[in-house]
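**Student:** After the structure tokens below, expect a handful of questions from me.
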Amino acid sequence: MATIPVRGGLVTREIRIFLGSLFGAKPDELYVLVWTLTDKNSRWFRNLDEAIAFVGGLNGWDAYVGVGLSPSDFGPNHRCPSDEAAGIVSVWADFDFKSDAHQKSLPATIEDARSLIPSSFPPSIIVATGNGIHVWWLFKEPWVFENDDERKKAAALIRRFHTLLAYNSSEHGWTFDRLSDLARVLRIPGTTNGKDPSNPKRVEIYSSCDRRYNPSDFKEYLDALSIPDADADEHGSGNEWADRFTDKPLVISPEAAIADNVLARWMEEDLRFRDTWNHLRKDLSDYSQSGYDMALACFGVASCLSEQQIVDLIVHNRRLHGAKRPKGLDYYRRTISKAAQNTVASGLASETPVAAGPPPIPQFEVTHSTPVGAGNPPAYDPNAKAKLCDQISRVFGVRILRLVKVTGKEPVYFMDVEEGRIEFQNVGSLISQKSVTLALAAKVGRLIPKFKTKQWEQLSQLLLDACLIEEGTDELGFEGAARTYISQSLLENSFISSLEGETVHNQRKPMIRDGKIMISATDLQMYINKTTMQTLSVKAVASMVAGIGGKAVRVRGSSFKEQSRWALAAEEFDPKDYGNPQEVCANVDE
């Protein structure tokens, strides 16, 4: 394998700065992993100076360091498993760039990637890897886990921060892979990226600063933004959310239960749920068990739980409070159906006891430039839109990065997936199950499941709710489109000076009379449909021309049949802008 020649002491100094910044304060008994790509071997070091000397002697080979501290030496053929990591020294992230090595939709530069990082969390170290960057937010001191629960909290913290970065990436239509496992290894500066042996690239420190963090800094920030854990428990809002769109029959199990850790999280995050679960609400109109069943069902609907999860939630609560379990499924179906109606009807300002959980995601269509102030809707929240895209992705089985609505008289919609962009010319195409299925099959080569009508209605609303709103240019409006089509047609078509002696085909080409350009709707229709793959009728094209001030005229001559034309306003379409063609000698009646 080709390598980049090392630079002696400079390389060793870069390695020392990097590894020393990460692991200089680690406990003596814990190990640092150095993994080399060439032989796919692991080396374990308690002594940091030995690790630095080893990497410095690799002569630029691909070398990586484990993000987690290890309790022991796991040998040359293994890494420290995530569930045995002894601690971590930072939060990290791996950003790939668009390149021959990475063909997904990705940022193109370091600055593009840095724009995805919250401004209040400047990285401690950024490592340029040749095809991307590795970013480290170092802790003030190593987080050494006292027990398995702490390890799980650390893993959840990294996953949540990566979810935030994925949401920020989706705003731009870019992919971000959440590589958050505690067994992850990342490149060491002072070595070589040899992914392309014919073009090895130096791995080096791009920037560094003295900023250090506490794990609580990240947790408080993520909590404030309501960023979920992407690997939430199955009774939470993770992959099981998609169950609401499956046809599994509901089951009433007397022993159904929600996991204790999930209940604890819900009660910590939502005091109304805590009071509902414990039958301590003071704002209900019905304090019977049925009233609390309704409040729990509304919590489940607002939290996007499946119908089965809502049934289990109610059964668990009824058993907890010694209530008799209803015998039939009809009771649960009626309760969930009414809860869904109440939750939708209550919107964002419910004063009734219907919603025990978080309110539905806001449905406002506001642009990035919409000011936030008194009397305005809640601030535009791209994270909420990205979360919806995550949920739709789970249902479809296809990763959707973002959905965009470009405003105008005839709005256009875009769906960005890892394989590229899908365009929907109108809202009907976006909410058509057949249209979406065919579009995704063509772009990603995968069929999404078939959904019943009611299920697709819900998904259609989610597709609309998930759309980021962008202001359309003039070209996307009805009148703007007409101007664009006509202008392009005039630039690409040749003018005729007279109808006399022209072939039938050429007799509908543009011409000029009395300082005005005159066009044929039929000729323009053929141009639009050929260049844009549309199927507009002559009537639709004529309406477009009339909509921007075109005047219907009749052109008469001595040796040709009378012809219908549209005279364009000279202030809109000046003949001088199109090569100043010669005027036709013909009589024109307006």
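In the structure tokens, each chain is lettered A, B, ... as it comes, each chain's residues begin at 1, and ligands are numbered from 1 in order of appearance.
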List the spatial neighbours of segment 165-168 of chain A as a list in words - criterion: any atom at most 8 Å away, only C-alpha atoms, same-chain residues fewer than 5 positions off excluded.
**Tutor:**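 Within the cut-off, the hits are Leu116, Ile117, Thr175, Phe176, Asp177, Arg178, Pro382, Asn383, Ala386 and Lys387 of chain A.
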**Student:** List every residue of segment 162-357 of chain A that DSSP, applied to the backbone of this structure, assigns to alpha helix (DSSP H), and report them as a ChimeraX atom specification.
**Tutor:** /A:162-170,215-224,260-269,271-277,289-302,307-320,329-346
**Student:** Using atom CA of Val91 of chain A and atom CA of Leu138 of chain A as the two end points, give the distance in Å to one decimal.
**Tutor:**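 Atom CA of Leu138 of chain A lies 6.6 Å from atom CA of Val91 of chain A.
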**Student:** Which neighbours of Lys385 of chain A fall inside 8 Å, counting only C-alpha atoms, when residues of the same chain fewer than 6 positions from it are skipped, and could you give them as a PyMOL selection string?
**Tutor:** chain A and resi 402+465-468
**Student:** For the contact check between segment 152-197 of chain A and segment 211-223 of chain A, emit one row per residue of segment 152-197 of chain A within 8 Å, containing the shortest atom pair and the distance in Å rounded to one decimal, counting only C-alpha atoms, chain then rising number order, as CSV.
**Tutor:**
```
residue,atom,partner,partner_atom,distance
A:Leu157,CA,A:Lys219,CA,6.7
A:Arg160,CA,A:Leu222,CA,7.2
A:Phe161,CA,A:Leu222,CA,7.1
A:Leu164,CA,A:Leu222,CA,7.9
```
**Student:** Return as a VMD selection string the full set of residues in segment 411-442 of chain A whose backbone-based DSSP assignment is strand (DSSP E).
**Tutor:** chain A and resid 412 to 417 420 to 424
**Student:** Could you turn the residues from that selection into a file that holds all heavy atoms, as a compact mmCIF listing (two decimals), in the first residue's frame?
**Tutor:**
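Saved as out06.txt:
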```txt
# COMPACT_ATOMS: atom_id res chain seq x y z
N VAL A 412 -44.38 23.05 -5.73
CA VAL A 412 -43.63 21.85 -6.12
C VAL A 412 -43.07 21.22 -4.84
O VAL A 412 -42.70 21.93 -3.90
CB VAL A 412 -42.49 22.21 -7.09
CG1 VAL A 412 -41.63 20.99 -7.42
CG2 VAL A 412 -43.06 22.81 -8.37
N TYR A 413 -43.00 19.90 -4.82
CA TYR A 413 -42.53 19.18 -3.63
C TYR A 413 -41.31 18.34 -3.98
O TYR A 413 -41.23 17.76 -5.06
CB TYR A 413 -43.64 18.28 -3.08
CG TYR A 413 -44.84 19.05 -2.58
CD1 TYR A 413 -45.81 19.52 -3.46
CD2 TYR A 413 -44.99 19.34 -1.23
CE1 TYR A 413 -46.91 20.24 -3.01
CE2 TYR A 413 -46.08 20.05 -0.77
CZ TYR A 413 -47.03 20.50 -1.65
OH TYR A 413 -48.11 21.22 -1.20
N PHE A 414 -40.36 18.27 -3.04
CA PHE A 414 -39.16 17.46 -3.21
C PHE A 414 -39.02 16.51 -2.05
O PHE A 414 -39.28 16.87 -0.89
CB PHE A 414 -37.92 18.34 -3.30
CG PHE A 414 -37.91 19.29 -4.47
CD1 PHE A 414 -38.12 20.64 -4.28
CD2 PHE A 414 -37.70 18.82 -5.75
CE1 PHE A 414 -38.12 21.52 -5.34
CE2 PHE A 414 -37.70 19.69 -6.83
CZ PHE A 414 -37.91 21.05 -6.63
N MET A 415 -38.59 15.29 -2.34
CA MET A 415 -38.26 14.30 -1.32
C MET A 415 -36.80 13.93 -1.51
O MET A 415 -36.43 13.39 -2.55
CB MET A 415 -39.16 13.06 -1.45
CG MET A 415 -38.85 11.96 -0.45
SD MET A 415 -39.83 10.45 -0.76
CE MET A 415 -41.47 10.99 -0.28
N ASP A 416 -35.98 14.24 -0.51
CA ASP A 416 -34.56 13.91 -0.58
C ASP A 416 -34.32 12.58 0.12
O ASP A 416 -34.64 12.43 1.31
CB ASP A 416 -33.71 15.01 0.07
CG ASP A 416 -33.66 16.27 -0.78
OD1 ASP A 416 -33.79 16.14 -2.00
OD2 ASP A 416 -33.51 17.37 -0.22
N VAL A 417 -33.76 11.63 -0.60
CA VAL A 417 -33.36 10.34 -0.04
C VAL A 417 -31.86 10.19 -0.24
O VAL A 417 -31.22 11.03 -0.88
CB VAL A 417 -34.12 9.18 -0.72
CG1 VAL A 417 -35.61 9.25 -0.41
CG2 VAL A 417 -33.92 9.20 -2.24
N GLY A 420 -30.59 10.45 -3.76
CA GLY A 420 -30.79 11.67 -4.53
C GLY A 420 -32.14 12.30 -4.26
O GLY A 420 -32.77 12.06 -3.24
N ARG A 421 -32.60 13.11 -5.20
CA ARG A 421 -33.83 13.91 -5.02
C ARG A 421 -34.94 13.39 -5.94
O ARG A 421 -34.72 13.07 -7.09
CB ARG A 421 -33.55 15.37 -5.33
CG ARG A 421 -34.79 16.24 -5.51
CD ARG A 421 -34.47 17.72 -5.43
NE ARG A 421 -34.22 18.12 -4.05
CZ ARG A 421 -34.10 19.39 -3.66
NH1 ARG A 421 -34.18 20.36 -4.55
NH2 ARG A 421 -33.89 19.69 -2.41
N ILE A 422 -36.15 13.33 -5.36
CA ILE A 422 -37.36 12.98 -6.11
C ILE A 422 -38.24 14.23 -6.16
O ILE A 422 -38.48 14.86 -5.13
CB ILE A 422 -38.13 11.83 -5.45
CG1 ILE A 422 -37.24 10.58 -5.36
CG2 ILE A 422 -39.41 11.52 -6.22
CD1 ILE A 422 -37.86 9.46 -4.54
N GLU A 423 -38.71 14.56 -7.35
CA GLU A 423 -39.55 15.75 -7.52
C GLU A 423 -40.99 15.33 -7.75
O GLU A 423 -41.28 14.41 -8.50
CB GLU A 423 -39.07 16.58 -8.71
CG GLU A 423 -39.92 17.83 -8.95
CD GLU A 423 -39.38 18.68 -10.08
OE1 GLU A 423 -38.21 18.48 -10.49
OE2 GLU A 423 -40.13 19.54 -10.59
N PHE A 424 -41.91 16.01 -7.02
CA PHE A 424 -43.34 15.82 -7.22
C PHE A 424 -43.90 17.15 -7.71
O PHE A 424 -43.84 18.16 -7.01
CB PHE A 424 -44.02 15.39 -5.92
CG PHE A 424 -43.54 14.06 -5.40
CD1 PHE A 424 -42.49 13.99 -4.50
CD2 PHE A 424 -44.13 12.88 -5.83
CE1 PHE A 424 -42.03 12.77 -4.03
CE2 PHE A 424 -43.68 11.65 -5.37
CZ PHE A 424 -42.63 11.59 -4.47
```
**Student:** If you count only C-alpha atoms, which residues fall within 10 Å of Gly20 of chain A, apart from same-chain ones fewer than 6 positions away, as a ChimeraX atom specification?
**Tutor:** /A:14,26,48-49,52
**Student:** Hey, can you spit out that residue selection with N, CA, C and O atoms as a short mmCIF file (atom, residue, chain, number, x, y, z; two decimals), in the first residue's frame?
**Tutor:**
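Saved file result-v6.cif follows:
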```cif
data_model
loop_
_atom_site.label_atom_id
_atom_site.label_comp_id
_atom_site.auth_asym_id
_atom_site.auth_seq_id
_atom_site.Cartn_x
_atom_site.Cartn_y
_atom_site.Cartn_z
N GLU A 14 2.21 15.71 16.57
CA GLU A 14 0.77 15.77 16.30
C GLU A 14 0.05 14.60 16.97
O GLU A 14 -1.02 14.77 17.56
N LYS A 26 -6.70 9.78 31.77
CA LYS A 26 -7.38 8.50 31.99
C LYS A 26 -6.81 7.79 33.21
O LYS A 26 -5.62 7.93 33.53
N LEU A 48 0.26 5.63 28.03
CA LEU A 48 -0.03 6.47 26.87
C LEU A 48 1.22 6.75 26.04
O LEU A 48 1.15 6.82 24.81
N ASP A 49 2.39 6.89 26.69
CA ASP A 49 3.62 7.13 25.94
C ASP A 49 3.93 5.96 25.00
O ASP A 49 4.41 6.15 23.87
N ILE A 52 1.68 6.32 21.95
CA ILE A 52 2.17 7.38 21.06
C ILE A 52 3.37 6.89 20.27
O ILE A 52 3.47 7.11 19.05
#
```
**Student:** Contacts between segment 188-205 of chain A and segment 65-136 of chain A, please, where a residue of segment 65-136 of chain A counts if it comes within 8 Å (with only C-alpha atoms); show its shortest atom pair and distance in Å to one decimal, rows by chain and ascending number, as a tab-separated table.
**Tutor:**
```
residue	atom	partner	partner_atom	distance
A:Val65	CA	A:Ile188	CA	6.3
A:Ala101	CA	A:Asp196	CA	8.0
A:Ile125	CA	A:Ile205	CA	7.2
A:Ile126	CA	A:Ile205	CA	6.1
A:Val127	CA	A:Ile205	CA	4.5
A:Ala128	CA	A:Glu204	CA	5.5
A:Thr129	CA	A:Val203	CA	4.6
A:Gly130	CA	A:Lys201	CA	5.4
```
**Student:** For atom CA of Asp381 of chain A and atom CA of Gly173 of chain A, determine how far apart the two atoms are, in Å to one decimal place.
**Tutor:** 15.9 Å
